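Coordinates as given in query_0.cif (mmCIF, C-alpha atoms; chains and numbers go by the auth columns):
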data_target
#
loop_
_atom_site.group_PDB
_atom_site.id
_atom_site.type_symbol
_atom_site.label_atom_id
_atom_site.label_comp_id
_atom_site.label_asym_id
_atom_site.label_seq_id
_atom_site.Cartn_x
_atom_site.Cartn_y
_atom_site.Cartn_z
_atom_site.B_iso_or_equiv
_atom_site.auth_seq_id
_atom_site.auth_asym_id
ATOM 1 C CA ALA A 1 -5.082 -2.972 -7.962 0.00 1123 A
ATOM 2 C CA GLN A 2 -4.034 -0.692 -5.129 0.00 1124 A
ATOM 3 C CA ILE A 3 -3.364 -1.139 -1.452 0.00 1125 A
ATOM 4 C CA THR A 4 -2.519 1.527 1.128 0.00 1126 A
ATOM 5 C CA GLN A 5 -1.405 1.506 4.726 0.00 1127 A
ATOM 6 C CA ARG A 6 -0.638 4.260 7.211 0.00 1128 A
ATOM 7 C CA VAL A 7 2.071 3.798 9.838 0.00 1129 A
ATOM 8 C CA GLY A 8 1.987 6.776 12.202 0.00 1130 A
ATOM 9 C CA LEU A 9 1.705 9.708 9.784 0.00 1131 A
ATOM 10 C CA THR A 10 3.408 7.872 6.904 0.00 1132 A
ATOM 11 C CA ASP A 11 1.304 6.666 3.993 0.00 1133 A
ATOM 12 C CA ILE A 12 2.458 3.648 1.988 0.00 1134 A
ATOM 13 C CA LYS A 13 0.727 2.925 -1.327 0.00 1135 A
ATOM 14 C CA VAL A 14 1.288 0.097 -3.808 0.00 1136 A
ATOM 15 C CA SER A 15 -0.272 0.184 -7.304 0.00 1137 A
ATOM 16 C CA TYR A 16 0.073 -2.985 -9.368 0.00 1138 A
ATOM 17 C CA HIS A 17 -1.501 -5.208 -11.998 0.00 1139 A
ATOM 18 C CA SER A 18 -2.743 -8.526 -10.656 0.00 1140 A
ATOM 19 C CA PRO A 19 -2.369 -11.495 -13.036 0.00 1141 A
ATOM 20 C CA LEU A 20 -3.832 -14.975 -12.571 0.00 1142 A
ATOM 21 C CA VAL A 21 -1.947 -18.233 -12.288 0.00 1143 A
ATOM 22 C CA ASN A 22 -4.438 -19.605 -14.840 0.00 1144 A
ATOM 23 C CA GLY A 23 -2.990 -23.140 -14.777 0.00 1145 A
ATOM 24 C CA ARG A 24 0.533 -21.960 -15.593 0.00 1146 A
ATOM 25 C CA THR A 25 3.793 -22.705 -13.804 0.00 1147 A
ATOM 26 C CA VAL A 26 4.629 -19.262 -12.431 0.00 1148 A
ATOM 27 C CA TRP A 27 7.999 -19.424 -10.695 0.00 1149 A
ATOM 28 C CA GLY A 28 10.902 -20.394 -12.883 0.00 1150 A
ATOM 29 C CA GLU A 29 8.806 -20.380 -16.087 0.00 1151 A
ATOM 30 C CA LEU A 30 6.288 -17.532 -16.482 0.00 1152 A
ATOM 31 C CA VAL A 31 8.487 -15.502 -14.133 0.00 1153 A
ATOM 32 C CA PRO A 32 12.056 -16.740 -14.738 0.00 1154 A
ATOM 33 C CA TYR A 33 14.448 -17.059 -11.842 0.00 1155 A
ATOM 34 C CA LYS A 34 17.406 -14.661 -11.637 0.00 1156 A
ATOM 35 C CA GLN A 35 15.887 -12.117 -14.037 0.00 1157 A
ATOM 36 C CA ILE A 36 14.503 -8.706 -13.143 0.00 1158 A
ATOM 37 C CA TRP A 37 10.683 -8.744 -13.001 0.00 1159 A
ATOM 38 C CA ARG A 38 8.135 -5.927 -12.657 0.00 1160 A
ATOM 39 C CA ALA A 39 6.570 -7.504 -9.536 0.00 1161 A
ATOM 40 C CA GLY A 40 3.175 -7.699 -11.208 0.00 1162 A
ATOM 41 C CA ALA A 41 1.911 -7.532 -14.793 0.00 1163 A
ATOM 42 C CA ASN A 42 1.809 -4.894 -17.539 0.00 1164 A
ATOM 43 C CA GLU A 43 3.032 -1.513 -16.268 0.00 1165 A
ATOM 44 C CA ASN A 44 5.511 -1.015 -13.438 0.00 1166 A
ATOM 45 C CA THR A 45 4.454 -1.928 -9.957 0.00 1167 A
ATOM 46 C CA VAL A 46 4.693 1.443 -8.200 0.00 1168 A
ATOM 47 C CA ILE A 47 5.224 2.023 -4.484 0.00 1169 A
ATOM 48 C CA SER A 48 5.172 5.386 -2.751 0.00 1170 A
ATOM 49 C CA PHE A 49 6.060 6.581 0.728 0.00 1171 A
ATOM 50 C CA SER A 50 5.037 9.943 2.200 0.00 1172 A
ATOM 51 C CA SER A 51 7.983 9.998 4.664 0.00 1173 A
ATOM 52 C CA ASP A 52 11.543 8.758 4.818 0.00 1174 A
ATOM 53 C CA LEU A 53 11.680 5.237 6.248 0.00 1175 A
ATOM 54 C CA MET A 54 13.630 1.992 6.533 0.00 1176 A
ATOM 55 C CA ILE A 55 13.178 -1.013 4.261 0.00 1177 A
ATOM 56 C CA GLU A 56 14.718 -4.104 5.853 0.00 1178 A
ATOM 57 C CA ARG A 57 16.904 -1.791 8.000 0.00 1179 A
ATOM 58 C CA LYS A 58 18.104 0.264 5.006 0.00 1180 A
ATOM 59 C CA ALA A 59 17.143 3.924 4.583 0.00 1181 A
ATOM 60 C CA LEU A 60 14.882 5.021 1.735 0.00 1182 A
ATOM 61 C CA ALA A 61 13.748 8.600 1.119 0.00 1183 A
ATOM 62 C CA ALA A 62 10.110 9.578 0.766 0.00 1184 A
ATOM 63 C CA GLY A 63 8.977 9.348 -2.842 0.00 1185 A
ATOM 64 C CA THR A 64 7.580 7.156 -5.591 0.00 1186 A
ATOM 65 C CA TYR A 65 9.509 4.159 -6.890 0.00 1187 A
ATOM 66 C CA GLY A 66 9.187 1.418 -9.469 0.00 1188 A
ATOM 67 C CA LEU A 67 9.221 -1.901 -7.591 0.00 1189 A
ATOM 68 C CA HIS A 68 11.094 -4.702 -9.327 0.00 1190 A
ATOM 69 C CA MET A 69 12.106 -8.105 -8.063 0.00 1191 A
ATOM 70 C CA ASN A 70 14.761 -10.598 -9.012 0.00 1192 A
ATOM 71 C CA PRO A 71 13.268 -13.924 -7.881 0.00 1193 A
ATOM 72 C CA ASP A 72 15.039 -17.114 -6.954 0.00 1194 A
ATOM 73 C CA LYS A 73 13.783 -20.249 -5.223 0.00 1195 A
ATOM 74 C CA GLN A 74 14.315 -18.908 -1.689 0.00 1196 A
ATOM 75 C CA GLU A 75 16.207 -15.603 -1.804 0.00 1197 A
ATOM 76 C CA TRP A 76 14.896 -12.615 -3.713 0.00 1198 A
ATOM 77 C CA ILE A 77 16.403 -9.240 -4.542 0.00 1199 A
ATOM 78 C CA ASP A 78 13.851 -6.428 -4.304 0.00 1200 A
ATOM 79 C CA VAL A 79 14.683 -3.233 -6.144 0.00 1201 A
ATOM 80 C CA PHE A 80 13.243 0.224 -5.542 0.00 1202 A
ATOM 81 C CA SER A 81 13.950 2.154 -8.750 0.00 1203 A
ATOM 82 C CA LYS A 82 13.875 5.936 -9.116 0.00 1204 A
ATOM 83 C CA ASN A 83 12.161 5.281 -12.451 0.00 1205 A
ATOM 84 C CA SER A 84 8.510 4.574 -11.688 0.00 1206 A
ATOM 85 C CA THR A 85 7.038 5.411 -15.104 0.00 1207 A
ATOM 86 C CA SER A 86 8.515 2.878 -17.542 0.00 1208 A
ATOM 87 C CA TRP A 87 6.520 -0.040 -18.934 0.00 1209 A
ATOM 88 C CA GLY A 88 7.281 -3.100 -16.833 0.00 1210 A
ATOM 89 C CA SER A 89 10.945 -3.978 -16.388 0.00 1211 A
ATOM 90 C CA TYR A 90 11.828 -3.672 -20.077 0.00 1212 A
ATOM 91 C CA PHE A 91 13.609 -0.357 -19.499 0.00 1213 A
ATOM 92 C CA TYR A 92 15.032 -1.177 -16.066 0.00 1214 A
ATOM 93 C CA LYS A 93 18.510 0.243 -15.479 0.00 1215 A
ATOM 94 C CA PRO A 94 20.527 -0.667 -12.359 0.00 1216 A
ATOM 95 C CA GLU A 95 21.990 2.854 -12.217 0.00 1217 A
ATOM 96 C CA GLU A 96 18.471 4.115 -11.388 0.00 1218 A
ATOM 97 C CA ASP A 97 18.237 1.970 -8.233 0.00 1219 A
ATOM 98 C CA ALA A 98 17.431 3.883 -5.070 0.00 1220 A
ATOM 99 C CA LEU A 99 17.681 0.732 -2.935 0.00 1221 A
ATOM 100 C CA ARG A 100 18.304 -3.010 -3.305 0.00 1222 A
ATOM 101 C CA ILE A 101 17.519 -5.476 -0.554 0.00 1223 A
ATOM 102 C CA THR A 102 17.645 -9.246 -0.223 0.00 1224 A
ATOM 103 C CA VAL A 103 14.738 -11.095 1.396 0.00 1225 A
ATOM 104 C CA LYS A 104 13.829 -14.733 1.914 0.00 1226 A
ATOM 105 C CA SER A 105 10.619 -16.039 0.387 0.00 1227 A
ATOM 106 C CA TYR A 106 8.457 -18.749 1.939 0.00 1228 A
ATOM 107 C CA GLU A 107 5.658 -21.062 0.863 0.00 1229 A
ATOM 108 C CA GLY A 108 2.016 -20.306 1.587 0.00 1230 A
ATOM 109 C CA SER A 109 -1.374 -21.618 0.526 0.00 1231 A
ATOM 110 C CA PHE A 110 -2.299 -21.403 -3.149 0.00 1232 A
ATOM 111 C CA GLN A 111 -3.422 -17.980 -4.369 0.00 1233 A
ATOM 112 C CA GLU A 112 -4.758 -17.576 -7.922 0.00 1234 A
ATOM 113 C CA TRP A 113 -4.412 -13.789 -8.180 0.00 1235 A
ATOM 114 C CA LEU A 114 -1.156 -11.947 -7.480 0.00 1236 A
ATOM 115 C CA SER A 115 -1.707 -9.576 -4.580 0.00 1237 A
ATOM 116 C CA TYR A 116 0.070 -7.433 -2.044 0.00 1238 A
ATOM 117 C CA ASP A 117 -0.992 -7.260 1.581 0.00 1239 A
ATOM 118 C CA PHE A 118 0.171 -5.536 4.749 0.00 1240 A
ATOM 119 C CA THR A 119 0.719 -7.921 7.656 0.00 1241 A
ATOM 120 C CA ASP A 120 2.302 -7.861 11.119 0.00 1242 A
ATOM 121 C CA ARG A 121 1.226 -4.264 11.716 0.00 1243 A
ATOM 122 C CA GLN A 122 2.966 -2.573 14.626 0.00 1244 A
ATOM 123 C CA SER A 123 2.922 1.039 15.849 0.00 1245 A
ATOM 124 C CA ASN A 124 6.112 1.794 13.900 0.00 1246 A
ATOM 125 C CA SER A 125 6.347 -0.922 11.230 0.00 1247 A
ATOM 126 C CA VAL A 126 4.493 -3.201 8.854 0.00 1248 A
ATOM 127 C CA VAL A 127 5.379 -6.098 6.558 0.00 1249 A
ATOM 128 C CA LEU A 128 4.444 -5.791 2.894 0.00 1250 A
ATOM 129 C CA VAL A 129 3.910 -9.266 1.398 0.00 1251 A
ATOM 130 C CA LEU A 130 3.657 -10.226 -2.263 0.00 1252 A
ATOM 131 C CA ALA A 131 1.536 -13.398 -2.560 0.00 1253 A
ATOM 132 C CA TRP A 132 1.064 -15.392 -5.746 0.00 1254 A
ATOM 133 C CA GLU A 133 0.672 -19.086 -6.471 0.00 1255 A
ATOM 134 C CA LYS A 134 2.299 -20.657 -3.360 0.00 1256 A
ATOM 135 C CA MET A 135 5.061 -18.041 -2.976 0.00 1257 A
ATOM 136 C CA ARG A 136 5.195 -15.278 -0.348 0.00 1258 A
ATOM 137 C CA VAL A 137 7.796 -12.505 -0.419 0.00 1259 A
ATOM 138 C CA PRO A 138 7.862 -10.311 2.736 0.00 1260 A
ATOM 139 C CA VAL A 139 9.474 -6.879 3.071 0.00 1261 A
ATOM 140 C CA LYS A 140 9.622 -5.116 6.445 0.00 1262 A
ATOM 141 C CA VAL A 141 8.944 -1.370 6.392 0.00 1263 A
ATOM 142 C CA ALA A 142 9.809 0.634 9.521 0.00 1264 A
ATOM 143 C CA VAL A 143 9.016 4.274 10.253 0.00 1265 A
ATOM 144 C CA ASP A 144 10.507 6.654 12.835 0.00 1266 A
ATOM 145 C CA VAL A 145 7.028 7.632 14.010 0.00 1267 A
ATOM 146 C CA LYS A 146 8.133 9.746 16.991 0.00 1268 A
ATOM 147 C CA ASN A 147 10.434 12.038 14.996 0.00 1269 A
ATOM 148 C CA ILE A 148 7.964 12.353 12.109 0.00 1270 A
ATOM 149 C CA VAL A 149 5.123 13.307 14.484 0.00 1271 A
ATOM 150 C CA VAL A 150 7.302 15.844 16.344 0.00 1272 A
ATOM 151 C CA ALA A 151 8.430 17.395 13.027 0.00 1273 A
ATOM 152 C CA SER A 152 4.799 17.583 11.883 0.00 1274 A
ATOM 153 C CA MET A 153 3.745 19.275 15.140 0.00 1275 A
ATOM 154 C CA ARG A 154 6.578 21.791 14.892 0.00 1276 A
ATOM 155 C CA ASN A 155 5.614 22.588 11.327 0.00 1277 A
ATOM 156 C CA GLU A 156 1.937 23.037 12.223 0.00 1278 A
ATOM 157 C CA LEU A 157 2.850 25.411 15.061 0.00 1279 A
ATOM 158 C CA ARG A 158 4.702 27.681 12.615 0.00 1280 A
ATOM 159 C CA SER A 159 1.354 28.757 11.159 0.00 1281 A
ATOM 160 C CA THR A 160 -1.879 30.305 12.456 0.00 1282 A
ATOM 161 C CA PRO A 161 -2.623 27.633 15.138 0.00 1283 A
ATOM 162 C CA ALA A 162 0.496 28.738 17.048 0.00 1284 A
ATOM 163 C CA PHE A 163 -1.119 32.094 17.808 0.00 1285 A
ATOM 164 C CA SER A 164 -3.947 30.586 19.851 0.00 1286 A
ATOM 165 C CA TRP A 165 -4.075 28.284 22.876 0.00 1287 A
ATOM 166 C CA ARG A 166 -6.108 25.774 20.797 0.00 1288 A
ATOM 167 C CA GLY A 167 -3.176 24.925 18.486 0.00 1289 A
ATOM 168 C CA TRP A 168 -0.877 24.139 21.400 0.00 1290 A
ATOM 169 C CA TYR A 169 -3.645 22.252 23.198 0.00 1291 A
ATOM 170 C CA ASP A 170 -4.427 20.122 20.127 0.00 1292 A
#

Give the structure from this file in C-alpha cells form.
Amino acid sequence: AQITQRVGLTDIKVSYHSPLVNGRTVWGELVPYKQIWRAGANENTVISFSSDLMIERKALAAGTYGLHMNPDKQEWIDVFSKNSTSWGSYFYKPEEDALRITVKSYEGSFQEWLSYDFTDRQSNSVVLVLAWEKMRVPVKVAVDVKNIVVASMRNELRSTPAFSWRGWYD
C-alpha cells in the first residue's frame, strides 16, 4: 500500500505492506513488545520526504528512510533508518539510525488491516498515524513552509522566468 501527503511544497510518501489481524493477538504476540519491528509486513516500510522537516520537534533531512518501530503498551520508539532497502527489520542496525523518537500510542476502534493515514492536517504540519487492531501510533510531521517556498521561488527566478515580467508576477 502507499499513502502520500503534501504539506506546502513538501511531499511525504509511505510505502508499506498491510497485514490482517486475521483472528490473531497482534500486540505483544505477533508483534512482540520491546523488539524492533518493520512497521508493516514483508519488506521494509519506507517513508520519504522531499524537504527537510521536523518529526516530533526533531530535525530530519529530506530523503528516503526505512521506518521501524519498537512497540510497547503505551510508549513506542519510532526509528527512521538510513537503510531503506533491507528486508523487514532482520538487518536493522542502530548505527544506521537517522532519527529516533518516542511517541505515546492510544486505543482506537478495531481495524482489521494495518494502515497509515494522515490526520490533523494544518498549513505547516500533519500527523501520520499507524492504525492496526485497536492500536494507534501518531507521529507529528512539521514543515517550515515559508522558508521552503521562498527558497523554491528564488531558485525558479535563477532561470529563464527571471528574464520576463511573467516569472516575477507568477

Glu1151 in chain A surroundings by all atoms listed in the file, 12 Å radius, close-in-sequence under 6 positions cut, as a list in words:
Val1143, Gln1157, Pro1193, Asp1194 and Lys1195 of chain A

Between CA of Asn1269 in chain A and CA of Gln1124 in chain A, what is the spacing in Å?
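CA of Asn1269 in chain A lies at a distance of 27.9 Å from CA of Gln1124 in chain A.
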
As an exercise, work out the distance from CA of Ile1270 in chain A to CA of Ala1184 in chain A in Å and give it to one decimal place.
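Separating CA of Ile1270 in chain A from CA of Ala1184 in chain A is a distance of 11.9 Å.
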
Which residues match the PyMOL selection byres ((chain A and resi 1224) around 6) in the file above, as a PyMOL selection string?
chain A and resi 1198-1199+1223+1225

Please report the interatomic distance between CA of Tyr1214 in chain A and CA of Ile1158 in chain A in Å with one decimal.
8.1 Å

Hey, what's within 7 Å of Ala1220 in chain A if we count only C-alpha atoms and toss same-chain stuff fewer than 3 positions away? As number ranges by chain, please?
A: 1202-1204

Could you list the residues chosen by the PyMOL selection byres ((chain A and resi 1148) around 12) in this structure as a list in words?
Pro1141, Leu1142, Val1143, Asn1144, Gly1145, Arg1146, Thr1147, Trp1149, Gly1150, Glu1151, Leu1152, Val1153, Pro1154, Tyr1155, Gly1162, Pro1193, Asp1194, Lys1195, Phe1232, Gln1233, Glu1234, Trp1235, Leu1236, Ala1253, Trp1254, Glu1255, Lys1256 and Met1257 of chain A

How would the residues just chosen look if you wrote them out with C-alpha atoms as an mmCIF file, keeping the file's coordinate frame?
data_model
loop_
_atom_site.group_PDB
_atom_site.id
_atom_site.type_symbol
_atom_site.label_atom_id
_atom_site.label_comp_id
_atom_site.auth_asym_id
_atom_site.auth_seq_id
_atom_site.Cartn_x
_atom_site.Cartn_y
_atom_site.Cartn_z
ATOM 1 C CA PRO A 1141 -2.369 -11.495 -13.036
ATOM 2 C CA LEU A 1142 -3.832 -14.975 -12.571
ATOM 3 C CA VAL A 1143 -1.947 -18.233 -12.288
ATOM 4 C CA ASN A 1144 -4.438 -19.605 -14.840
ATOM 5 C CA GLY A 1145 -2.990 -23.140 -14.777
ATOM 6 C CA ARG A 1146 0.533 -21.960 -15.593
ATOM 7 C CA THR A 1147 3.793 -22.705 -13.804
ATOM 8 C CA TRP A 1149 7.999 -19.424 -10.695
ATOM 9 C CA GLY A 1150 10.902 -20.394 -12.883
ATOM 10 C CA GLU A 1151 8.806 -20.380 -16.087
ATOM 11 C CA LEU A 1152 6.288 -17.532 -16.482
ATOM 12 C CA VAL A 1153 8.487 -15.502 -14.133
ATOM 13 C CA PRO A 1154 12.056 -16.740 -14.738
ATOM 14 C CA TYR A 1155 14.448 -17.059 -11.842
ATOM 15 C CA GLY A 1162 3.175 -7.699 -11.208
ATOM 16 C CA PRO A 1193 13.268 -13.924 -7.881
ATOM 17 C CA ASP A 1194 15.039 -17.114 -6.954
ATOM 18 C CA LYS A 1195 13.783 -20.249 -5.223
ATOM 19 C CA PHE A 1232 -2.299 -21.403 -3.149
ATOM 20 C CA GLN A 1233 -3.422 -17.980 -4.369
ATOM 21 C CA GLU A 1234 -4.758 -17.576 -7.922
ATOM 22 C CA TRP A 1235 -4.412 -13.789 -8.180
ATOM 23 C CA LEU A 1236 -1.156 -11.947 -7.480
ATOM 24 C CA ALA A 1253 1.536 -13.398 -2.560
ATOM 25 C CA TRP A 1254 1.064 -15.392 -5.746
ATOM 26 C CA GLU A 1255 0.672 -19.086 -6.471
ATOM 27 C CA LYS A 1256 2.299 -20.657 -3.360
ATOM 28 C CA MET A 1257 5.061 -18.041 -2.976
#

Target residues per the PyMOL selection byres ((chain A and resi 1183) around 10), formatted as an MDAnalysis selection string:
chainID A and resid 1170:1176 1181:1182 1184:1186 1220:1221

Between A:Ser1237, A:Asn1166, A:Gln1196, A:Ser1245, which has the minimum distance to Ile1125 in chain A (counting all atoms listed in the file)?
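Going through A:Ser1237, A:Asn1166, A:Gln1196, A:Ser1245 one by one, the smallest distance to Ile1125 in chain A is for A:Ser1237.
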
Please report, as JSON, the centre and edge lengths in Å to one decimal of an axis-aligned box covering all listed atoms of range 1223-1236 of chain A with 3 Å per side.
{"center_x": 6.4, "center_y": -13.5, "center_z": -3.1, "size_x": 28.4, "size_y": 22.1, "size_z": 16.1}

Using all atoms listed in the file, which of A:Tyr1138, A:Phe1240, A:Tyr1291, A:Tyr1228 sits nearest His1190 in chain A?
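Closest to His1190 in chain A, using all atoms listed in the file: A:Tyr1138.
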
Leaving out Val1263 in chain A and any residue of its chain fewer than 5 positions from it, which residues lie within 8 Å of it when counting only C-alpha atoms, given as a ChimeraX atom specification?
/A:1175-1178,1247-1250

With distances taken over all atoms listed in the file, which of A:Val1251, A:Arg1258, A:Gln1244, A:Arg1160 is nearest to Gly1210 in chain A?
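Smallest separation from Gly1210 in chain A among the options: A:Arg1160.
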
From A:Lys1215, A:Val1259, A:Arg1128, A:Arg1222, residue lying nearest Ala1161 in chain A [all atoms listed in the file]:
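Result for the nearest residue to Ala1161 in chain A: A:Val1259.
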
Within 8 Å of Gly1130 in chain A, counting all atoms listed in the file, which residues qualify if same-chain residues fewer than 5 places away don't, as a PyMOL selection string?
chain A and resi 1245-1246+1265+1267+1271

Convert the current residue selection to file output with C-alpha atoms, as a compact mmCIF listing (two decimals), in the frame of the given file.
# COMPACT_ATOMS: atom_id res chain seq x y z
CA SER A 1245 2.92 1.04 15.85
CA ASN A 1246 6.11 1.79 13.90
CA VAL A 1265 9.02 4.27 10.25
CA VAL A 1267 7.03 7.63 14.01
CA VAL A 1271 5.12 13.31 14.48
